[in-house]
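Q: Input structure: data-v9.tsv, which contains TSV, C-alpha atoms and all ligand atoms.
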chain	number	residue	atom	x	y	z
A	5	MET	CA	0.00	0.00	0.00
A	6	THR	CA	1.29	3.43	-0.96
A	7	ILE	CA	-1.57	5.56	0.37
A	8	THR	CA	-2.39	5.93	4.05
A	9	ALA	CA	-5.84	7.23	5.02
A	10	ARG	CA	-6.41	9.01	8.33
A	11	PRO	CA	-10.14	9.24	9.10
A	12	LEU	CA	-11.36	12.76	9.88
A	13	HIS	CA	-14.90	11.92	10.99
A	14	PRO	CA	-16.62	8.84	12.48
A	15	LEU	CA	-18.66	8.20	9.30
A	16	PHE	CA	-16.64	9.39	6.29
A	17	ALA	CA	-13.85	11.74	5.15
A	18	ALA	CA	-10.12	11.03	5.35
A	19	GLU	CA	-6.81	12.75	4.90
A	20	LEU	CA	-4.55	10.89	2.49
A	21	SER	CA	-0.79	10.72	2.65
A	22	GLY	CA	1.58	8.85	0.36
A	23	ILE	CA	0.14	10.45	-2.76
A	24	ASP	CA	1.15	13.74	-4.40
A	25	LEU	CA	-1.40	14.95	-6.92
A	26	ARG	CA	1.27	17.07	-8.65
A	27	ARG	CA	3.19	14.02	-9.81
A	28	PRO	CA	2.31	11.22	-12.21
A	29	VAL	CA	0.34	8.55	-10.37
A	30	ASP	CA	0.79	4.89	-11.35
A	31	ALA	CA	-2.11	2.49	-11.86
A	32	ALA	CA	-1.74	0.77	-8.48
A	33	THR	CA	-1.72	4.07	-6.58
A	34	LEU	CA	-4.69	5.32	-8.59
A	35	ALA	CA	-6.61	2.15	-7.67
A	36	GLU	CA	-5.83	2.79	-3.98
A	37	PHE	CA	-6.99	6.38	-4.35
A	38	ILE	CA	-10.31	5.28	-5.88
A	39	ALA	CA	-10.77	2.65	-3.17
A	40	ALA	CA	-10.26	5.37	-0.55
A	41	MET	CA	-12.80	7.59	-2.31
A	42	ASN	CA	-15.32	4.74	-2.44
A	43	LYS	CA	-14.93	4.18	1.26
A	44	TYR	CA	-14.57	7.72	2.63
A	45	ALA	CA	-16.41	9.72	-0.11
A	46	VAL	CA	-14.37	12.82	0.83
A	47	CYS	CA	-10.59	12.92	0.83
A	48	VAL	CA	-8.13	15.72	1.38
A	49	VAL	CA	-4.55	15.79	0.16
A	50	HIS	CA	-2.19	18.49	1.47
A	51	HIS	CA	0.60	20.00	-0.65
A	52	ASP	CA	3.16	22.62	0.29
A	53	ARG	CA	2.17	24.78	-2.67
A	54	PRO	CA	-1.02	25.04	-4.75
A	55	LEU	CA	-1.28	22.76	-7.75
A	56	THR	CA	-0.78	24.46	-11.09
A	57	ASN	CA	-3.82	24.39	-13.36
A	58	GLU	CA	-2.04	21.82	-15.52
A	59	GLU	CA	-1.29	19.52	-12.56
A	60	HIS	CA	-4.86	19.85	-11.35
A	61	ILE	CA	-6.27	18.93	-14.77
A	62	ALA	CA	-3.78	16.10	-15.31
A	63	PHE	CA	-4.67	14.30	-12.09
A	64	SER	CA	-8.43	14.90	-12.48
A	65	SER	CA	-8.44	13.45	-15.98
A	66	LEU	CA	-7.30	10.09	-14.56
A	67	LEU	CA	-10.68	9.78	-12.83
A	68	GLY	CA	-12.97	9.89	-15.86
A	69	PRO	CA	-14.38	12.24	-18.51
A	70	MET	CA	-14.02	15.84	-17.42
A	71	GLU	CA	-16.51	18.66	-17.49
A	72	ARG	CA	-15.42	21.40	-19.89
A	73	GLY	CA	-17.19	24.69	-20.21
A	74	ASP	CA	-17.57	28.22	-19.04
A	75	SER	CA	-19.07	28.88	-15.67
A	76	PRO	CA	-20.90	30.86	-14.58
A	77	LYS	CA	-22.65	31.80	-17.79
A	78	VAL	CA	-22.83	35.55	-17.35
A	79	LYS	CA	-22.55	37.43	-20.63
A	80	GLY	CA	-19.68	39.76	-21.32
A	81	THR	CA	-17.30	38.49	-18.65
A	82	ASP	CA	-13.85	37.21	-19.38
A	83	LYS	CA	-12.31	34.27	-17.65
A	84	ARG	CA	-9.63	34.66	-15.01
A	85	VAL	CA	-8.54	31.04	-15.33
A	86	PRO	CA	-8.21	30.24	-19.02
A	87	HIS	CA	-8.79	26.48	-18.92
A	88	PRO	CA	-12.19	25.09	-19.93
A	89	GLU	CA	-11.71	22.26	-17.40
A	90	ILE	CA	-11.39	24.63	-14.45
A	91	ILE	CA	-14.36	26.26	-12.77
A	92	ASP	CA	-13.30	29.44	-11.05
A	93	GLN	CA	-14.83	29.33	-7.57
A	94	SER	CA	-13.08	32.48	-6.38
A	95	ASN	CA	-14.54	35.89	-5.51
A	96	LEU	CA	-12.22	37.48	-8.08
A	97	ASP	CA	-12.80	39.03	-11.49
A	98	GLU	CA	-10.57	38.65	-14.55
A	99	PHE	CA	-8.19	41.28	-13.12
A	100	GLY	CA	-7.88	39.49	-9.78
A	101	GLU	CA	-10.02	42.12	-8.03
A	102	ILE	CA	-12.77	41.25	-5.59
A	103	TYR	CA	-16.25	41.28	-7.14
A	104	ASP	CA	-18.61	44.03	-6.07
A	105	ASP	CA	-21.15	42.99	-3.50
A	106	ALA	CA	-24.00	43.16	-6.00
A	107	ASP	CA	-22.14	41.58	-8.94
A	108	ARG	CA	-24.19	38.71	-10.26
A	109	ARG	CA	-21.12	36.49	-10.34
A	110	MET	CA	-20.67	37.14	-6.61
A	111	ILE	CA	-24.30	36.36	-5.93
A	112	TYR	CA	-23.96	33.10	-7.87
A	113	LYS	CA	-20.87	32.11	-5.87
A	114	ARG	CA	-22.80	32.71	-2.68
A	115	ALA	CA	-25.48	30.30	-3.93
A	116	ASN	CA	-22.88	27.62	-3.07
A	117	ARG	CA	-23.62	28.34	0.59
A	118	GLN	CA	-26.75	26.22	0.20
A	119	TRP	CA	-26.34	22.46	0.63
A	120	HIS	CA	-25.93	20.90	-2.78
A	121	THR	CA	-24.21	18.31	-4.89
A	122	ASP	CA	-22.45	19.45	-8.05
A	123	MET	CA	-24.14	19.24	-11.42
A	124	SER	CA	-27.19	17.22	-10.44
A	125	PHE	CA	-28.95	19.61	-12.84
A	126	TYR	CA	-27.28	17.94	-15.82
A	127	ALA	CA	-28.34	14.77	-17.60
A	128	VAL	CA	-24.73	13.57	-17.30
A	129	ARG	CA	-23.92	14.12	-13.66
A	130	ALA	CA	-20.78	14.89	-11.76
A	131	THR	CA	-18.99	12.02	-10.07
A	132	TYR	CA	-15.94	13.64	-8.44
A	133	SER	CA	-15.21	17.28	-7.77
A	134	LEU	CA	-11.62	18.32	-6.99
A	135	LEU	CA	-11.33	21.70	-5.29
A	136	SER	CA	-7.88	23.23	-5.04
A	137	ALA	CA	-6.91	26.09	-2.71
A	138	HIS	CA	-4.84	28.93	-4.22
A	139	MET	CA	-5.73	31.71	-1.74
A	140	VAL	CA	-7.41	31.19	1.60
A	141	PRO	CA	-8.96	33.95	3.75
A	142	PRO	CA	-7.72	34.16	7.35
A	143	GLN	CA	-11.08	33.18	8.81
A	144	GLY	CA	-14.31	31.52	7.71
A	145	ALA	CA	-14.85	29.89	4.35
A	146	ASP	CA	-14.62	26.29	5.52
A	147	THR	CA	-16.25	23.81	3.17
A	148	GLU	CA	-18.79	21.55	4.87
A	149	LEU	CA	-19.71	18.13	3.55
A	150	ALA	CA	-22.37	15.62	4.55
A	151	ASP	CA	-22.51	11.85	3.97
A	152	MET	CA	-25.74	10.92	2.17
A	153	ARG	CA	-25.16	7.17	2.68
A	154	ALA	CA	-25.03	7.60	6.45
A	155	ALA	CA	-28.07	9.89	6.27
A	156	TRP	CA	-29.99	7.26	4.32
A	157	ASP	CA	-28.96	4.50	6.75
A	158	ALA	CA	-30.20	6.55	9.72
A	159	LEU	CA	-33.48	7.66	8.15
A	160	PRO	CA	-36.55	6.25	9.99
A	161	ALA	CA	-38.14	3.28	8.20
A	162	ALA	CA	-41.40	5.14	7.50
A	163	MET	CA	-39.48	7.96	5.84
A	164	LYS	CA	-37.43	5.48	3.80
A	165	ALA	CA	-40.65	3.90	2.55
A	166	ARG	CA	-42.05	7.32	1.69
A	167	VAL	CA	-39.12	8.54	-0.40
A	168	GLU	CA	-38.04	5.33	-2.09
A	169	GLY	CA	-39.30	5.42	-5.68
A	170	LEU	CA	-39.86	9.21	-5.73
A	171	THR	CA	-38.10	11.41	-8.26
A	172	ALA	CA	-37.20	15.10	-8.19
A	173	GLU	CA	-36.59	17.87	-10.73
A	174	HIS	CA	-33.14	19.45	-10.42
A	175	SER	CA	-32.59	22.90	-11.88
A	176	TYR	CA	-29.53	25.13	-11.92
A	177	TRP	CA	-31.78	28.20	-12.01
A	178	HIS	CA	-33.71	27.12	-8.96
A	179	SER	CA	-30.67	27.23	-6.68
A	180	ARG	CA	-29.44	30.50	-8.24
A	181	LYS	CA	-32.82	32.01	-7.37
A	182	THR	CA	-33.06	30.59	-3.84
A	183	GLY	CA	-29.44	31.67	-3.37
A	184	GLY	CA	-30.44	35.31	-3.92
A	185	GLY	CA	-30.12	35.62	-7.70
A	186	PRO	CA	-32.55	37.25	-10.13
A	187	ASP	CA	-35.16	35.41	-12.16
A	188	PRO	CA	-33.46	33.86	-15.19
A	189	THR	CA	-34.56	35.03	-18.61
A	190	GLU	CA	-36.33	32.52	-20.88
A	191	GLU	CA	-33.17	32.35	-22.96
A	192	GLU	CA	-31.05	31.53	-19.93
A	193	ARG	CA	-33.57	28.98	-18.73
A	194	ARG	CA	-33.35	27.16	-22.05
A	195	THR	CA	-29.56	26.80	-21.69
A	196	ARG	CA	-30.07	24.54	-18.67
A	197	PRO	CA	-33.45	22.76	-18.59
A	198	SER	CA	-34.28	20.82	-15.42
A	199	VAL	CA	-33.56	17.09	-15.18
A	200	ARG	CA	-35.18	14.32	-13.16
A	201	TRP	CA	-33.38	12.02	-10.71
A	202	PRO	CA	-34.51	9.51	-8.09
A	203	LEU	CA	-34.36	10.79	-4.50
A	204	VAL	CA	-32.61	7.59	-3.46
A	205	HIS	CA	-30.10	5.62	-5.48
A	206	VAL	CA	-27.33	3.10	-5.07
A	207	HIS	CA	-23.97	4.82	-4.86
A	208	PRO	CA	-21.92	3.04	-7.54
A	209	GLY	CA	-18.62	3.33	-5.70
A	210	SER	CA	-19.70	1.66	-2.46
A	211	GLY	CA	-22.88	-0.23	-3.38
A	212	ARG	CA	-24.61	1.58	-0.50
A	213	LYS	CA	-27.90	3.41	-0.84
A	214	ALA	CA	-27.69	7.18	-0.64
A	215	LEU	CA	-30.04	10.15	-0.64
A	216	TYR	CA	-29.55	12.20	-3.79
A	217	ILE	CA	-30.78	15.64	-2.81
A	218	ALA	CA	-29.56	19.19	-3.40
A	219	SER	CA	-30.62	22.82	-3.30
A	220	HIS	CA	-31.06	22.40	-7.06
A	221	ILE	CA	-34.28	20.43	-6.49
A	222	GLU	CA	-37.26	22.55	-7.43
A	223	ARG	CA	-39.93	19.91	-7.12
A	224	ILE	CA	-40.51	16.35	-5.97
A	225	ASN	CA	-42.68	14.75	-8.60
A	226	GLY	CA	-46.17	13.45	-7.83
A	227	LEU	CA	-46.66	15.60	-4.70
A	228	SER	CA	-48.49	18.86	-4.24
A	229	GLU	CA	-46.33	21.94	-4.10
A	230	ALA	CA	-46.70	22.18	-0.32
A	231	GLU	CA	-46.01	18.47	0.24
A	232	SER	CA	-42.99	18.66	-2.00
A	233	ARG	CA	-41.60	21.70	-0.19
A	234	ASP	CA	-42.18	20.18	3.25
A	235	LEU	CA	-40.73	16.78	2.40
A	236	LEU	CA	-37.68	18.36	0.84
A	237	ALA	CA	-37.13	20.56	3.89
A	238	ASP	CA	-37.49	17.53	6.19
A	239	LEU	CA	-34.98	15.53	4.17
A	240	MET	CA	-32.52	18.43	4.02
A	241	ASP	CA	-32.77	19.03	7.76
A	242	PHE	CA	-32.32	15.37	8.54
A	243	ALA	CA	-29.43	14.80	6.14
A	244	THR	CA	-27.41	17.81	7.26
A	245	GLN	CA	-27.52	17.23	11.02
A	246	PRO	CA	-24.12	17.87	12.61
A	247	ARG	CA	-23.54	14.13	13.09
A	248	PHE	CA	-23.39	13.67	9.28
A	249	VAL	CA	-21.24	16.74	8.61
A	250	PHE	CA	-17.49	17.21	8.26
A	251	ALA	CA	-16.06	20.75	8.02
A	252	HIS	CA	-12.82	21.22	6.11
A	253	ARG	CA	-10.62	24.09	7.29
A	254	TRP	CA	-8.55	25.10	4.26
A	255	ARG	CA	-4.80	25.45	3.99
A	256	LEU	CA	-3.00	26.70	0.91
A	257	GLY	CA	-2.21	23.78	-1.37
A	258	ASP	CA	-5.03	21.56	-0.14
A	259	VAL	CA	-7.00	19.59	-2.66
A	260	LEU	CA	-10.36	18.37	-1.42
A	261	ILE	CA	-12.03	15.65	-3.47
A	262	TRP	CA	-15.63	14.60	-2.93
A	263	ASP	CA	-17.96	12.09	-4.53
A	264	ASN	CA	-21.06	13.97	-5.65
A	265	LEU	CA	-23.14	10.80	-5.90
A	266	CYS	CA	-23.09	10.18	-2.13
A	267	THR	CA	-22.39	13.53	-0.45
A	268	MET	CA	-23.64	17.10	-0.29
A	269	HIS	CA	-21.49	20.11	0.45
A	270	ARG	CA	-21.71	23.84	0.96
A	271	ALA	CA	-19.45	26.85	1.20
A	272	THR	CA	-19.57	28.80	4.47
A	273	PRO	CA	-19.47	32.59	4.85
A	274	PHE	CA	-16.40	34.80	5.07
A	275	ASP	CA	-15.79	38.50	4.55
A	276	ASP	CA	-15.86	38.24	0.74
A	277	GLN	CA	-15.67	42.01	0.26
A	278	ARG	CA	-12.39	42.19	2.17
A	279	TYR	CA	-10.48	38.95	1.59
A	280	ARG	CA	-9.52	37.13	-1.57
A	281	ARG	CA	-10.45	33.49	-1.77
A	282	ASP	CA	-9.12	31.70	-4.83
A	283	MET	CA	-10.49	28.19	-5.20
A	284	ARG	CA	-10.48	26.27	-8.46
A	285	ARG	CA	-12.50	23.18	-9.26
A	286	THR	CA	-12.35	20.42	-11.78
A	287	THR	CA	-15.30	18.09	-12.18
A	288	VAL	CA	-15.41	14.52	-13.43
A	289	ARG	CA	-18.62	13.25	-15.01
A	290	GLU	CA	-20.43	9.95	-15.25
B	1	LIG	C1	-17.80	23.84	-5.31
B	1	LIG	C2	-18.35	24.35	-4.03
B	1	LIG	C3	-17.67	25.20	-1.88
B	1	LIG	C4	-16.62	26.12	-1.38
B	1	LIG	O1	-16.65	24.16	-5.62
B	1	LIG	O2	-18.51	23.09	-5.98
B	1	LIG	O3	-19.51	24.21	-3.76
B	1	LIG	O4	-16.37	26.14	-0.16
B	1	LIG	N1	-17.44	24.93	-3.24
B	1	LIG	O5	-16.04	26.85	-2.20
B	2	MN	MN	-20.41	22.76	-5.25
Translate this file's structure into C-alpha cells.
A:
Amino acid sequence: MTITARPLHPLFAAELSGIDLRRPVDAATLAEFIAAMNKYAVCVVHHDRPLTNEEHIAFSSLLGPMERGDSPKVKGTDKRVPHPEIIDQSNLDEFGEIYDDADRRMIYKRANRQWHTDMSFYAVRATYSLLSAHMVPPQGADTELADMRAAWDALPAAMKARVEGLTAEHSYWHSRKTGGGPDPTEEERRTRPSVRWPLVHVHPGSGRKALYIASHIERINGLSEAESRDLLADLMDFATQPRFVFAHRWRLGDVLIWDNLCTMHRATPFDDQRYRRDMRRTTVRE
C-alpha cells in the first residue's frame, strides 16, 4: 500500500498521505486512491504549494471524462482562469479584483452556501469534484460536507418507505434564485433545462444506498407543491444534522475531493468584500 488514510470523521472523510497529486500517479496508486474515495467519499490531500492548473487537470483526468465549459454563464465576462476544465470558484474578477457585493457572479458564488451536490442539474452528472486552494482567507470559508449514505442509513423506516421510488426535478436556475439571484430570462432557462433524478439511489462506488438531494431540487414529482416543499425541507434538515457533517478548514495547497453521488457540500461565509479566496475546481462526469 502506498496511500495511508487518516479518518477525519466517524462516518466518512479522510486525509490521504503517500500520494502527491502534482506528480504522475501509477495504476496501483490510482486504484488505492479510488478505493479510498469509495470508502470515505471525501478525501483531502495536502501540498506545500497550490497545484498548477495543468497539474490539477492532469490528475483529475485520470478519474474519468471531465466537465469542460464556461461557468458561470454571465454574458460579457472574461475568464480569469483560461482552462475550460477549471471552474473558477473564487470571488475574483478577470483582473484578480474582488467582485462588487451586487455583482451577479458574486451572488452566484454565494449560492454555493446552500447544501448541494455538483451538477445534479445535468443529464450527465458529476462524479468527483476536486477543489484546489490557491488563496485562503484568514477566517471563515470552511467547506462543509455531509454523507448521504449515512443519512440514508439513519433515516426512519417510515421515511425510507415514503421517499423510495420518488423522483425530483433538479434545476440550476432554482438554486441561483433561492441563493439570492434574479429570475433567469427565458433564454437563460433554455440553456439549462431541469432534469429528473430519483431521490434515493445506489452509490456506484460503495454499493450503498444514498439520498440524492440538493438545493437544485425545485420539485418532488407526484406531490403537491406544499407536500414537495415540506418533504424536501425535512430531508434536508435530517441529512445535514451535525452528526453527518465534516467541516474542512482550508490550507493553501489543499486539494479536497468529494464524490457527488453520495455527499452534499456547501461553502460557508467569510468576509468576501475584504479577503480574496481563490479556489479552483475540476469536475469529473459519469
Ligand atoms: C464547489 C463548491 C464550496 C466552497 O466548488 O462546488 O460548492 O467552499 N465549493 O467553495
Ligand atoms: Mn459545489
Q: Which chain A residues have any atom within 12 Å of an atom of ligand MN 2 (chain B), and for each, what is the nearest pair of atoms with distance in Å to one decimal, counting only C-alpha atoms and all ligand atoms, rows sorted by chain and number, as a Markdown table?
A:
| residue | atom | partner | partner_atom | distance |
| --- | --- | --- | --- | --- |
| A:Ile91 | CA | B:MN2 | MN | 10.3 |
| A:Asp92 | CA | B:MN2 | MN | 11.3 |
| A:Gln93 | CA | B:MN2 | MN | 8.9 |
| A:Tyr112 | CA | B:MN2 | MN | 11.2 |
| A:Lys113 | CA | B:MN2 | MN | 9.4 |
| A:Arg114 | CA | B:MN2 | MN | 10.6 |
| A:Ala115 | CA | B:MN2 | MN | 9.2 |
| A:Asn116 | CA | B:MN2 | MN | 5.9 |
| A:Arg117 | CA | B:MN2 | MN | 8.7 |
| A:Gln118 | CA | B:MN2 | MN | 9.0 |
| A:Trp119 | CA | B:MN2 | MN | 8.4 |
| A:His120 | CA | B:MN2 | MN | 6.3 |
| A:Thr121 | CA | B:MN2 | MN | 5.9 |
| A:Asp122 | CA | B:MN2 | MN | 4.8 |
| A:Met123 | CA | B:MN2 | MN | 8.0 |
| A:Ser124 | CA | B:MN2 | MN | 10.2 |
| A:Phe125 | CA | B:MN2 | MN | 11.9 |
| A:Ala130 | CA | B:MN2 | MN | 10.2 |
| A:Thr131 | CA | B:MN2 | MN | 11.9 |
| A:Tyr132 | CA | B:MN2 | MN | 10.6 |
| A:Ser133 | CA | B:MN2 | MN | 8.0 |
| A:Leu134 | CA | B:MN2 | MN | 10.0 |
| A:Leu135 | CA | B:MN2 | MN | 9.1 |
| A:Thr147 | CA | B:MN2 | MN | 9.5 |
| A:Glu148 | CA | B:MN2 | MN | 10.3 |
| A:Leu149 | CA | B:MN2 | MN | 10.0 |
| A:Tyr176 | CA | B:MN2 | MN | 11.5 |
| A:Ser179 | CA | B:MN2 | MN | 11.3 |
| A:Ala218 | CA | B:MN2 | MN | 10.0 |
| A:Ser219 | CA | B:MN2 | MN | 10.4 |
| A:His220 | CA | B:MN2 | MN | 10.8 |
| A:Leu260 | CA | B:MN2 | MN | 11.6 |
| A:Ile261 | CA | B:MN2 | MN | 11.1 |
| A:Trp262 | CA | B:MN2 | MN | 9.7 |
| A:Asp263 | CA | B:MN2 | MN | 11.0 |
| A:Asn264 | CA | B:MN2 | MN | 8.8 |
| A:Thr267 | CA | B:MN2 | MN | 10.6 |
| A:Met268 | CA | B:MN2 | MN | 8.2 |
| A:His269 | CA | B:MN2 | MN | 6.4 |
| A:Arg270 | CA | B:MN2 | MN | 6.4 |
| A:Ala271 | CA | B:MN2 | MN | 7.7 |
| A:Thr272 | CA | B:MN2 | MN | 11.5 |
| A:Met283 | CA | B:MN2 | MN | 11.3 |
| A:Arg284 | CA | B:MN2 | MN | 11.0 |
| A:Arg285 | CA | B:MN2 | MN | 8.9 |
| A:Thr286 | CA | B:MN2 | MN | 10.6 |
| A:Thr287 | CA | B:MN2 | MN | 9.8 |
Q: Find the residues with any atom within 8 Å of (-39.0, 4.8, -6.0); use all atoms listed in the file and the coordinates as given in the file, and write the answer as a ChimeraX atom specification.
A: /A:167-171,202-204
Q: To one decimal in Å, tell me the separation between atom CA of A:Arg84 and atom CA of A:Tyr103.
A: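 Taking atom CA of A:Arg84 and atom CA of A:Tyr103, their separation equals 12.2 Å.
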Q: Can you list, as a PyMOL selection string, every protein, DNA or RNA residue that comes within 12 Å of A:Ser232 when you count all atoms listed in the file, leaving out same-chain residues fewer than 3 positions away?
A: chain A and resi 166-167+170-173+203+221-229+235-239
Q: Could you check how far atom CA of A:Pro54 sits from atom CA of A:Ser136, in Å to one decimal?
A: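 Answer for the atom CA of A:Pro54 to atom CA of A:Ser136 separation: 7.1 Å.
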Q: Please provide the set of residues having any atom within 12 Å of A:Arg196, restricted to only C-alpha atoms, with same-chain residues fewer than 4 positions apart removed, written as a PyMOL selection string.
A: chain A and resi 76-77+123-127+174-178+188-192+220
Q: Please report the interatomic distance between atom CA of A:Val29 and atom CA of A:Leu67 in Å with one decimal.
A: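 Going from atom CA of A:Val29 over to atom CA of A:Leu67, I get 11.4 Å.
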Q: Write out as a ChimeraX atom specification the residues lying within 7 Å of A:Gln277, counting all atoms listed in the file and excluding same-chain residues fewer than 2 positions away.
A: /A:102,105,275,279
Q: Using only C-alpha atoms, pick whichever of A:Arg10, A:Arg247, A:Arg255, A:Arg27 has the shortest atom-to-atom distance to A:Ala145.
A: A:Arg255
Q: Determine, counting only C-alpha atoms, which protein, DNA and RNA residues have an atom within 8 Å of an atom of A:Arg53; residues of the same chain fewer than 2 positions away are not included. Present the result as number ranges by chain.
A: A: 51, 55, 256-257
Q: Taking all atoms listed in the file into account, name the residue in A:Leu215, A:Arg180, A:Ala137, A:Ala243 that is nearest to ligand LIG 1 (chain B).
A: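 Nearest candidate to ligand LIG 1 (chain B) out of A:Leu215, A:Arg180, A:Ala137, A:Ala243: A:Ala137.
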Q: Give me, as a compact mmCIF listing (two decimals) with C-alpha atoms, in the frame of the given file, all polymer residues having an atom no more than 7 Å from A:Thr6, counting all atoms listed in the file and skipping those fewer than 2 positions away in the same chain.
A:
# COMPACT_ATOMS: atom_id res chain seq x y z
CA THR A 8 -2.39 5.93 4.05
CA GLY A 22 1.58 8.85 0.36
CA THR A 33 -1.72 4.07 -6.58
Q: Using only C-alpha atoms, can you tell me which of A:Asn42, A:Gln245, A:Thr195, A:Thr182 comes closest to A:Ile111?
A: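 Among the listed residues, A:Thr182 lies closest to A:Ile111.
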Q: Could you check which of A:Arg194, A:His50, A:Lys164, A:His138 is closest to ligand LIG 1 (chain B), using all atoms listed in the file?
A: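 Smallest separation from ligand LIG 1 (chain B) among the options: A:His138.
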